[in-house]
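Colleague: Take this structure first; my questions come after.
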Amino acid sequence: MGNSPHTDGIVAGRISADAVADNFSDLHPPLDDHEALVAADRCYFCYDAPCQTACPTSIDIPLFIRQIATGTAESAARTIFEQNILGGMCARVCPTETLCEEVCVREVAEGKPVLIGQLQRYATDKVMAEDKHPFTRAAPTGKAVAVVGAGPAGLSAAHRLAMLGHDVVIYDARPKGGGLNEYGIAAYKSVEGFAQAEVDWLLQIGGIEIRYEQKLGESITLETLQERYDAVFLGVGLGGVNALRAEGEDKEGVRDAVDFIAELRQADDLTKLPVGRRVIVIGGGMTAIDAAVQSKLLGAQEVTVAYRRDKSAMGASEFEQVLATSHGVRIEFNAQPVRVVGNGKVTAVEFARTTSAGGELAPTGETFEIPADQVFKAIGQTLTTDAGLTVERGKIAVNETGRTSVSGVWAGGDCASGGDDLTVTAVAEGRDAAMDIHATLTGEGA
Amino acid sequence: MADLRSEFVGIKSPNPFWLASAPPTDKEYNVRRAYEAGWGGVVWKTLGEEGPPVVNVNGPRYGAIFGADRRLLGLNNIELITDRPLQQNLREIKAVKRDYPDRALVVSLMVPCEEEAWKAILPVVEETGADGIELNFGCPHGMAERGMGSAVGQVPEYIEMVTRWCKQNTRMPVIVKLTPNITDVRYPAQAAKRGGADAVSLINTINSITSVNLDSFAPEPTIDGKGSHGGYCGPAVKPIAMNMVAEIARSPETAGLPMSGIGGITTWRDAAEFMSLGCGNVQVCTAAMTYGFKVVQEMISGLGQWMDEKGHNSIDDFVGRAVPNVRDWQHLNLNHVTKARISQDDCIKCGRCYAACEDTSHQAISMSADRVFEVMDDECVACNLCVNVCPVEGCITMETLEPGMVDERTGQVVSGEHGDWTTHPNNPSVVAAE
Ligand SMILES: Cc1cc2nc3c(=O)[nH]c(=O)nc-3n(C[C@H](O)[C@H](O)[C@H](O)COP(=O)(O)OP(=O)(O)OC[C@H]3O[C@@H](n4cnc5c(N)ncnc54)[C@H](O)[C@@H]3O)c2cc1C
Ligand SMILES: Cc1cc2nc3c(=O)[nH]c(=O)nc-3n(C[C@H](O)[C@H](O)[C@H](O)COP(=O)(O)O)c2cc1C
Ligand code: SF4
Ligand code: SF4
Ligand code: SF4
């Protein structure tokens with residue numbers, strides 16, 4: 001007892017258990033039946049719909065919304081899952097404001113898109129709540145495929161392969177499946193253990209075995225997988241974190257945002273999770289926003305996101321930025337960290353003011369300090385396992401169907417070249433690689 | 001998964017969803033796209049006799065009625081039958097049927113009311129390999145002025161005569177398409193049956209004027225300052241069509257006559273309703289014209305889901321299931337008592353139910369100072385107007401009083417016995433019979 005947002009240092013229990021529970025509840029509460037009907041009614045059933053084109057998994061959005069409108073949410077869910085087996089998670093985490101909803105004709109016309117993401121959640125939740133799995137496996141092909149990584153890319157590939165009749169073994173370094181769905185996504189986007197429930201539901205297809213705490217490069221190697229299986233898919237994500245390259249980075253109180261978020265996601269009791277009084281998050285993407293907002297929700301008094309370029313260059317969408325500022329997070333643009341200040345423990349970060357007009361980043365000569373007792377680094381993740389494959393711009397080089405430089409090995413998701421680092425993109429890439437693997441193994445492809 | 005395959009008067013199709021004879025089926029290009037999109041069959045746009053084809057107006061053909069958010073509810077048209085040469089249509093029909101042997105292809109026909117005209121066209125249609133013919137006795141504008149279409153469909157004797165000519169001169173199944181622009185649809189249906197029709201299809205479009213331009217004082221669509229009545233179709237006509245279907249299904253003279261249901265079918269549910277009233281399949285025009293051919297995908301998935309949920313394995317399991325429940329008013333159970341129930345959790349306090357009941361009905365809803373709306377059982381006659389005006393689906397429901405409960409309005413105990421008008425003491429003919 002006794003801690004508050006004003007307590008100095010990195011401490012737990014800044015706000016009451018009730019306040020924490022409230023803060024970490026569903027960001028967008030699910031639509032009820034009436035809300036879903038009203039929302040679905042707004043869809044025009046566009047021809048060659050722009051929303052569908054904008055969806056990385058190309059879900060037939062007009063069709064599934066019409067199926068909701070006609071009272072057949074189960075058919076709607078099937079339409080979604082046919083394209084995106086993690087349609088439930090994507091409905092929660094997709095930045096729809098930069099994908100489907102951005103181009104919805106009703107966004108263009110009225111500034112109010114059809115609530116595609118929430119309708120997707122309505123349909124998928126309904127089917128998953130009934131614990132129904134819409135697909136069955138094809139006859140066994142006798143082929144076996146190894147998938148490394150149980151994140152969105154790996155799960156999507158595994159499901160599709162299992163559905164097509166192949167046997168799949170997934171290897172994951174962690175003790176739980178889901179990848180960043182379980183360890184990374186902001187807690188208020190995936191409440192009530194949804195990530196694990198989704199993995200369990202997905203596995204109902206059958207034919208998929210997950211072996212946990214099996215790390216490629218340690219307990220297993222690509223060579224042995226290639227020997228033992230007919231094909232290998234790598235969906236290992238980006239496990240490493242970029243260095244700040246600022247002096248004093250190793251001071252106490254400085255840590256990687258993704259580690260903090262993983263700890264937060266795995267915490268049984270968020271009132272026991274320590275957070276600083278004054279928190280600085282360095283970075284400009286979704287991870288930075290998530291770390292900042294969740295710090296604030298845990299009771300940090302002052303939270304600043306410091307980004308070295310201007311607003312227009314920020315990776316986090318306008319919606320994410322507003323989400324942060326509406327929670328009281330301050331976003332400091334054109335601030336490049338030069339030095340972490342403090343005697344052993346961090347007490348402040350010194351920044352250089354930059355200009356980034358025209359894309360060229362340059363210091364203006366001005367420097368300033370922001371006090372802090374905790375600093376999170378969120379300046380991008382890096383590939384940790386390339387398994388000896390060709391790498392281009394920090395990622396495993398693949399073609400459009402996920403083939404790597406080595407025959408018989410495919411890759412997709414964050415670890416592979418091409419596409420945005422998003423859950424939905426990982427799902428699309430896993431699915432497409434699975435289709436190519438299937439075509440290759442059954443002799444239908446080149 | 002439910003089996004959606006359909007067999008209608010011997011014509012097979014992978015699902016019961018056909019496109020009605022209209023612009024969507026006017027030519028090879030459209031019909032191929034329709035089949036690719038998943039339609040089970042089409043009725044080709046009505047063909048006329050050999051010779052110079054009819055011409056259409058070159059100004060607007062359609063008028064429309066909209067619901068909220070500009071949702072198209074009713075469409076009116078002044079289009080005629082095909083305006084393309086007969087031989088071209090026949091060539092295209094043959095080519096399409098050859099490439100899609102598993103889909104239904106029925107050809108709609110309208111030629112003058114002379115036996116020679118029908119004798120001339122039937123063999124050339126048969127030669128295309130088409131699965132059947134539909135006689136267009138329905139088109140209410142233009143063609144009717146020339147003694148065809150609804151001019152035939154309004155005279156039962158003509159229907160019978162032309163149907164017989166067709167049955168005598170072709171081996172193809174003959175479907176007679178009925179016009180709703182009559183007083184009692186049972187008579188034209190009976191005539192079709194007497195003439196030997198394999199089935200009837202209904203409805204064609206309803207005579208209508210959708211709007212009047214108040215600047216030019218002309219009906220719309222307006223062609224150079226003038227307008228003509230058109231044919232009305234779309235969601236707005238569904239209730240009219242369903243009643244006509246039910247009348248034919250439950251009339252002893254025509255019961256069991258195969259029917260193809262048409263009129264406002266837009267979703268799987270509309271189709272299931274028509275079929276439960278006895279239609280072996282359905283035809284769609286306006287929904288395809290409003291949303292494109294892809295709309296059939298929702299019909300297919302929705303009907304399949306519903307059949308699975310209800311345990312109907314095939315279409316025959318539910319076709320006609322509602323027919324025995326369509327009755328004359330006099331046979332409705334007057335001892336069945338219900339009361340409106342407002343779910344306070346769902347109510348958004350708009351007050352529409354109150355206005356409806358207080359101003360126009362039975363003053364059975366109370367409104368408190370803080371806008372709580374409640375049904376007063378001692379006034380509620382169970383008309384369910386409030387249910388229909390409430391904007392929140394499922395917010396107001398009708399609860400059935402169990403036998404033994406007291407109807408607070410009448411003070412009478414609800415009887416478990418059936419009691420209808422035929423036995424009611426207020427019925428003068430009951431008294432007379434005593
Ligand atoms: C903090 C944060 C928030 C995010 N928020 C969103 C969001 O709101 N919306 C959105 O669309 N995207 C978001 N993303 C991005 C999204 O999470 C990723 O794009 C997505 O998870 C990528 O999926 P993946 O399957 O490629 O990789 P991951 O999800 O990273 O999964 C990789 C899996 O591989 C395993 N693995 C790694 N290395 C090995 C190895 N050597 N051997 C065996 N297994 C290994 C890991 O344990 C993990 O399970 C966020 C990312 C972060 C970091
Ligand atoms: C523009 C238009 C043209 C039509 N032409 C024909 C026709 O040539 N022959 C015919 O039998 N019915 C014709 N119809 C009627 C339709 O086939 C159908 O019976 C009617 O539109 C009702 O169905 P719906 O509510 O699904 O549109 C036409 C309808 C429209 C809208
Ligand atoms: S763009 Fe918008 S209105 Fe059009 S189909 Fe997509 S969700 Fe519906
Ligand atoms: S729908 Fe096509 S043919 Fe008709 S008026 Fe519009 S552009 Fe012209
Ligand atoms: S119409 Fe429906 S929502 Fe409106 S006050 Fe009545 S019960 Fe409530």
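Quick note on naming: the chains in the structure tokens go A, B, ... in the order shown, residues restart at 1 in each chain, and ligands are numbered from 1 in order of appearance.
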Restrict the distance test to only C-alpha atoms, flag each residue of chain B within 10 Å of chain A, and return the flagged residues as a VMD selection string.

Modeller: chain B and resid 69 71 266 to 270 290 to 306 346 391 to 395

Colleague: Go ahead and dump the residues you just picked, C-alpha atoms, as an mmCIF file, in the first residue's frame.

Modeller:
data_model
loop_
_atom_site.group_PDB
_atom_site.id
_atom_site.type_symbol
_atom_site.label_atom_id
_atom_site.label_comp_id
_atom_site.auth_asym_id
_atom_site.auth_seq_id
_atom_site.Cartn_x
_atom_site.Cartn_y
_atom_site.Cartn_z
ATOM 1 C CA ASP B 69 -29.985 5.261 -46.560
ATOM 2 C CA ARG B 71 -31.857 1.417 -50.008
ATOM 3 C CA THR B 266 -33.293 -10.556 -52.111
ATOM 4 C CA THR B 267 -31.896 -12.849 -49.418
ATOM 5 C CA TRP B 268 -31.819 -16.547 -48.558
ATOM 6 C CA ARG B 269 -34.651 -15.921 -46.165
ATOM 7 C CA ASP B 270 -36.950 -14.506 -48.834
ATOM 8 C CA THR B 290 -29.273 -3.796 -57.444
ATOM 9 C CA TYR B 291 -26.298 -5.688 -56.057
ATOM 10 C CA GLY B 292 -24.829 -7.635 -58.968
ATOM 11 C CA PHE B 293 -24.692 -11.362 -59.591
ATOM 12 C CA LYS B 294 -22.554 -12.003 -56.524
ATOM 13 C CA VAL B 295 -25.607 -11.553 -54.332
ATOM 14 C CA VAL B 296 -26.435 -15.205 -54.990
ATOM 15 C CA GLN B 297 -23.513 -16.261 -52.801
ATOM 16 C CA GLU B 298 -25.311 -15.014 -49.712
ATOM 17 C CA MET B 299 -28.484 -16.825 -50.811
ATOM 18 C CA ILE B 300 -26.564 -20.079 -51.209
ATOM 19 C CA SER B 301 -24.642 -19.862 -47.931
ATOM 20 C CA GLY B 302 -27.638 -18.621 -45.981
ATOM 21 C CA LEU B 303 -30.050 -21.263 -47.222
ATOM 22 C CA GLY B 304 -27.429 -23.944 -46.569
ATOM 23 C CA GLN B 305 -26.779 -22.712 -43.041
ATOM 24 C CA TRP B 306 -30.458 -22.550 -42.236
ATOM 25 C CA ASP B 346 -33.059 -3.134 -25.126
ATOM 26 C CA PRO B 391 -36.530 0.603 -34.256
ATOM 27 C CA VAL B 392 -34.774 -2.042 -32.149
ATOM 28 C CA GLU B 393 -35.272 -5.546 -33.466
ATOM 29 C CA GLY B 394 -36.398 -7.920 -30.729
ATOM 30 C CA CYS B 395 -37.004 -5.156 -28.188
#

Colleague: Can you list every residue in segment 107-255 of chain B that DSSP puts in helix (DSSP H, G or I), as a VMD selection string?

Modeller: chain B and resid 115 to 126 144 to 146 150 to 153 156 to 169 186 to 194 235 to 250

Colleague: Show which residues sit within 6 Å of Arg103 of chain B, as number ranges by chain. Count only C-alpha atoms, and ignore same-chain residues fewer than 5 positions away.

Modeller: B: 13, 40-41

Colleague: Residues at most 6 Å from segment 19-27 of chain B, counting only C-alpha atoms, excluding those fewer than 6 positions away in the same chain, as an mmCIF file with C-alpha atoms, in the first residue's frame?

Modeller:
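Output saved as out.cif:
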data_model
loop_
_atom_site.group_PDB
_atom_site.id
_atom_site.type_symbol
_atom_site.label_atom_id
_atom_site.label_comp_id
_atom_site.auth_asym_id
_atom_site.auth_seq_id
_atom_site.Cartn_x
_atom_site.Cartn_y
_atom_site.Cartn_z
ATOM 1 C CA VAL B 42 -31.713 -18.523 -65.771
ATOM 2 C CA VAL B 43 -34.883 -17.754 -67.638
ATOM 3 C CA TRP B 44 -33.665 -16.019 -70.759
ATOM 4 C CA LYS B 45 -35.046 -12.559 -71.458
ATOM 5 C CA GLN B 283 -36.395 -16.478 -59.556
ATOM 6 C CA VAL B 284 -34.679 -13.187 -58.904
ATOM 7 C CA CYS B 285 -34.393 -10.017 -60.908
#

Colleague: Grab me every residue within 7 Å of ligand 2, counting only C-alpha atoms and all ligand atoms, and send it over as JSON, numbers by chain.

Modeller: {"B": [20, 21, 22, 23, 45, 46, 75, 76, 77, 78, 79, 80, 81, 82, 108, 136, 138, 139, 177, 202, 203, 204, 205, 233, 234, 235, 237, 238, 262, 263, 264, 265, 283, 284, 285, 286, 287]}

Colleague: Within 8 Å of Leu389 of chain A, counting only C-alpha atoms, which residues qualify if same-chain residues fewer than 4 places away don't, as a count of residues only?

Modeller: 5

Colleague: Give the residue list for ligand 4 at 9 Å, counting only C-alpha atoms and all ligand atoms, as a VMD selection string, sorted by chain and then by residue number.

Modeller: chain B and resid 59 to 61

Colleague: Write out the residues from the selection above, keeping N, CA, C and O atoms, as an mmCIF file, in the first residue's frame.

Modeller:
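Below is the file result.cif, written as the result:
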data_model
loop_
_atom_site.group_PDB
_atom_site.id
_atom_site.type_symbol
_atom_site.label_atom_id
_atom_site.label_comp_id
_atom_site.auth_asym_id
_atom_site.auth_seq_id
_atom_site.Cartn_x
_atom_site.Cartn_y
_atom_site.Cartn_z
ATOM 1 N N GLY B 59 -34.915 6.872 -73.542
ATOM 2 C CA GLY B 59 -34.744 7.677 -72.333
ATOM 3 C C GLY B 59 -34.788 6.733 -71.149
ATOM 4 O O GLY B 59 -34.702 5.522 -71.328
ATOM 5 N N PRO B 60 -34.946 7.254 -69.960
ATOM 6 C CA PRO B 60 -34.914 6.391 -68.779
ATOM 7 C C PRO B 60 -36.018 5.332 -68.778
ATOM 8 O O PRO B 60 -37.138 5.594 -69.207
ATOM 9 N N ARG B 61 -35.664 4.143 -68.233
ATOM 10 C CA ARG B 61 -36.616 3.036 -68.172
ATOM 11 C C ARG B 61 -37.124 2.778 -66.767
ATOM 12 O O ARG B 61 -38.049 2.010 -66.574
#

Colleague: Which neighbours of Thr271 of chain A fall inside 8 Å, counting only C-alpha atoms, when residues of the same chain fewer than 6 positions from it are skipped, and could you give them as a list in words?

Modeller: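 Here the qualifying residues turn out to be Ala12, Gly13, Arg14, Ile15, Ser16, Ala17, Val20 and Leu298 of chain A.
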
Colleague: Check every protein, DNA and RNA residue against ligand 5, keep those with an atom at most 10 Å away (counting only C-alpha atoms and all ligand atoms), and present them as a PyMOL selection string.

Modeller: chain B and resi 340-357+365+367+371-375+385-397

Colleague: Find the residues near Val124 of chain B: any atom within 9 Å, counting only C-alpha atoms, skip ones fewer than 4 places away on the same chain, and give them as a ChimeraX atom specification.

Modeller: /B:90,120,128

Colleague: Could I get the residue neighbourhood of ligand 3 at 10 Å, counting only C-alpha atoms and all ligand atoms, as number ranges by chain?

Modeller: A: 39-54, 60-66, 100-109, 112-117, 119

Colleague: As number ranges by chain, please: every residue in segment 144-338 of chain A that a backbone DSSP assignment puts in strand (DSSP E or B).

Modeller: A: 144-148, 167-171, 208-211, 216, 220, 231-234, 240-241, 247, 252, 254-256, 275, 278-282, 302-306, 330-332, 335-338

Colleague: For each of A:Ala411, A:Val232, A:Leu273, A:Val147, take the minimum atom-to-atom distance to Ala428 of chain A, counting only C-alpha atoms, then give the residue where this is smallest.

Modeller: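 So, comparing all the options, the nearest one is A:Ala411.
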
Colleague: Could you work out how far atom CA of Cys90 of chain A lies from atom CA of Phe194 of chain A, giving the answer in Å with one decimal?

Modeller: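 These two atoms are separated by 11.6 Å.
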